[in-house]
Structures are given as structure tokens and as C-alpha cells.
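Notes follow the structure.
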Amino acid sequence: MSDAPFWKTKTLAQMSGTEWESLCDGCGLCCLNKLEDWDSGEVVFTSVACQLLDGESCRCSDYPKRFDTVPDCIQLTVELINEIHWLPPTCGYRLVKEGQDLYWWHPLVSGDAETVHIAGISARGRTVSEKEVDVDDFEDYVVDWPLTVGEEAQAQRR
């Protein structure tokens, strides 16, 4: 039997529900509103967070019933991982799909849910709730940091 952690020995499709959910590092980046250019398909992040994102923990404040409040919330699945190209480069699901290891600050590696925030990877302190911004003004909140978080850590991997 291997002592390797499950994310190194299983594919995403082989993971149990508990293992799957634990791959979420709690960064909150996937809960930021994104804008897509209908012509080019380019997706950009905004600093406007879903109304259910807890700005301190960077977790959904009503995860079990989130679809009641946010019907278009995306349920991340094995199939969608291959279709969604906007997942941040530090996302545990993306890393495992690409055959890479999780970063030191991921709670599964560090054993501490705070390390994702300590490392500066999360959305903590960088967002405004969508309840406070008119949807027509979202383009005023376009940011690139969700795609550049962890660049230092990525450079250290090479």
C-alpha cells in the first residue's frame, strides 16, 4: 500500500466525494464574478464576489443551499474541469488534473486552512460583494490578480 496522498495516486474521477471537496483550498477565487467577451470568448476576473462568499474565510456562507440563492452557481465536476479554462493556476482541481502536486500552503499539505490566506493566494480582503455593485459596473472591477496569485510559488517549482 502506498503512503502517497490520495491526490497523487487517484485521478479526479476516482476520488470520493470527501476527497473531491477537500481539494478546494478555500481561496475563494472561483467565487469571483467573471466577464466573458462574447466575440472572443476571453474571460476576465472581477473583484466582485458572489453574494454568498464569506470575505473572511473565503468559503461559501450557504454551500449546501447555494443554488437556492445563486441558481447559476457552478457545480465543479470532473467533466467541467476539462471545459472551464478560467480556473486559477493555483487551483487544486486544476493542478491534480494537470498531474501537478499541491502547493505547500494547500490545507491538505499544510494541515491548516489559514495557510492559503497567509501565502496571499486567497481573495481575503480583496473583494466587494455583488450586492454592493450594479451589474452594469462590473467591468470597473476587472482585476488580473486571480490569474497571477502564486507566481512566486510556481517559479520555485521549476
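Just remember, in the C-alpha cells the first chain shown is A, the second B, etc., residues are 1-based per chain, and ligands are 1-based in the order shown.
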Selection near Trp104 in chain A, 10 Å with only C-alpha atoms, sequence-local residues under 5 positions removed, as a PDB file with C-alpha atoms, in the first residue's frame:
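Output saved as part.pdb:
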```pdb
ATOM      1  CA  VAL A 109      -0.459  19.713   2.643  1.00  0.00           C
ATOM      2  CA  SER A 110      -0.078  22.235   5.468  1.00  0.00           C
ATOM      3  CA  GLY A 111      -2.818  20.863   7.695  1.00  0.00           C
ATOM      4  CA  THR A 115      -2.043  28.969   5.078  1.00  0.00           C
ATOM      5  CA  VAL A 116      -3.839  29.767   1.813  1.00  0.00           C
ATOM      6  CA  ALA A 119       0.520  32.850   1.483  1.00  0.00           C
ATOM      7  CA  ALA A 153       5.494  29.631  -5.814  1.00  0.00           C
TER       8      ALA A 153
END
```
So which residues of chain A fall under helix (DSSP H, G or I) by DSSP, listed as a compact mmCIF listing (two decimals) with C-alpha atoms, in the first residue's frame?
```txt
# COMPACT_ATOMS: atom_id res chain seq x y z
CA PHE A 6 -4.77 10.44 -2.50
CA TRP A 7 -4.33 13.39 -4.88
CA LYS A 8 -1.08 11.80 -6.10
CA THR A 9 -2.50 8.31 -6.55
CA LEU A 12 -10.19 13.27 -10.13
CA ALA A 13 -12.78 10.74 -11.30
CA GLN A 14 -11.57 8.15 -8.78
CA GLY A 17 -16.93 12.97 -2.51
CA THR A 18 -14.99 13.86 0.64
CA GLU A 19 -11.66 13.73 -1.20
CA TRP A 20 -13.10 15.83 -4.03
CA GLU A 21 -14.38 18.52 -1.68
CA SER A 22 -11.08 18.62 0.22
CA LEU A 29 -11.19 32.85 -6.43
CA CYS A 30 -13.72 30.74 -8.27
CA CYS A 31 -16.46 32.70 -6.46
CA TYR A 63 -22.82 25.90 0.48
CA PRO A 64 -25.50 23.19 0.88
CA LYS A 65 -28.27 25.50 -0.34
CA ARG A 66 -26.27 27.84 -2.58
CA PHE A 67 -28.33 27.05 -5.68
CA ASP A 68 -31.46 28.40 -3.96
CA THR A 69 -29.83 31.85 -3.79
CA VAL A 78 -14.83 16.13 -13.35
CA GLU A 79 -16.45 16.90 -16.70
CA LEU A 80 -16.45 20.66 -16.14
CA ILE A 81 -12.79 20.71 -15.11
CA GLY A 92 -6.14 22.20 -6.52
CA TYR A 93 -8.54 20.72 -9.07
CA ARG A 94 -6.58 22.19 -11.94
CA LEU A 95 -3.24 21.09 -10.51
CA VAL A 96 -4.36 17.50 -9.98
CA LYS A 97 -5.93 17.39 -13.46
CA PRO A 107 -4.69 22.82 3.63
CA LEU A 108 -4.22 19.17 2.63
CA VAL A 109 -0.46 19.71 2.64
CA SER A 110 -0.08 22.24 5.47
CA THR A 115 -2.04 28.97 5.08
CA VAL A 116 -3.84 29.77 1.81
CA HIS A 117 -4.52 33.22 3.26
CA ILE A 118 -1.09 33.63 4.85
CA GLU A 130 -22.06 41.74 -5.74
CA LYS A 131 -24.85 43.12 -3.56
CA GLU A 132 -22.90 46.40 -3.45
CA VAL A 135 -24.03 44.51 -12.62
CA ASP A 136 -23.52 47.20 -15.29
CA ASP A 137 -20.50 48.41 -13.32
CA PHE A 138 -18.73 45.04 -13.01
CA GLU A 139 -16.33 46.00 -15.80
CA ASP A 140 -15.00 48.74 -13.50
CA TYR A 141 -13.79 45.97 -11.17
CA TRP A 145 -4.54 39.08 -9.60
CA PRO A 146 -6.62 35.86 -9.58
CA LEU A 147 -4.52 34.65 -12.51
CA THR A 148 -1.20 35.78 -11.06
CA GLU A 151 3.53 33.12 -9.43
CA GLU A 152 6.42 33.12 -6.98
CA ALA A 153 5.49 29.63 -5.81
CA GLN A 154 5.17 28.47 -9.42
CA ALA A 155 8.61 29.87 -10.26
CA GLN A 156 10.10 27.97 -7.32
CA ARG A 157 8.70 24.71 -8.71
```
For Thr46 in chain A, please output as an mmCIF file with N, CA and C atoms, in the first residue's frame all residues within 7 Å (counting only C-alpha atoms; exclusion window: fewer than 4 positions along the same chain).
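Written output follows (out32.cif):
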```
data_model
loop_
_atom_site.group_PDB
_atom_site.id
_atom_site.type_symbol
_atom_site.label_atom_id
_atom_site.label_comp_id
_atom_site.auth_asym_id
_atom_site.auth_seq_id
_atom_site.Cartn_x
_atom_site.Cartn_y
_atom_site.Cartn_z
ATOM 1 N N LEU A 32 -15.451 34.601 -7.569
ATOM 2 C CA LEU A 32 -15.429 35.966 -8.087
ATOM 3 C C LEU A 32 -16.208 35.989 -9.398
ATOM 4 N N ASN A 33 -16.940 37.060 -9.619
ATOM 5 C CA ASN A 33 -17.665 37.196 -10.879
ATOM 6 C C ASN A 33 -16.667 37.391 -12.008
ATOM 7 N N LYS A 34 -16.992 36.780 -13.126
ATOM 8 C CA LYS A 34 -16.153 36.872 -14.306
ATOM 9 C C LYS A 34 -16.969 37.448 -15.461
ATOM 10 N N PHE A 138 -19.719 46.088 -13.270
ATOM 11 C CA PHE A 138 -18.733 45.038 -13.010
ATOM 12 C C PHE A 138 -17.439 45.268 -13.779
ATOM 13 N N TYR A 141 -14.455 46.747 -12.206
ATOM 14 C CA TYR A 141 -13.791 45.965 -11.169
ATOM 15 C C TYR A 141 -12.930 44.832 -11.730
ATOM 16 N N VAL A 142 -12.584 44.918 -13.012
ATOM 17 C CA VAL A 142 -11.750 43.887 -13.631
ATOM 18 C C VAL A 142 -10.365 43.896 -12.982
ATOM 19 N N VAL A 143 -9.880 42.693 -12.623
ATOM 20 C CA VAL A 143 -8.571 42.536 -11.988
ATOM 21 C C VAL A 143 -7.835 41.356 -12.620
#
```
Exercise. Would you mind writing down, as a PyMOL selection string, each residue of range 15-71 of chain A that DSSP on the backbone assigns to strand (DSSP E or B)?
Key: chain A and resi 32-36+43-49+53+60
Self-check item: Option closest in space to Trp105 in chain A, from A:Cys27, A:Met15, A:Val70, A:Leu35 [counting only C-alpha atoms]
Solution: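 That would be A:Cys27, the residue with the smallest distance to Trp105 in chain A.
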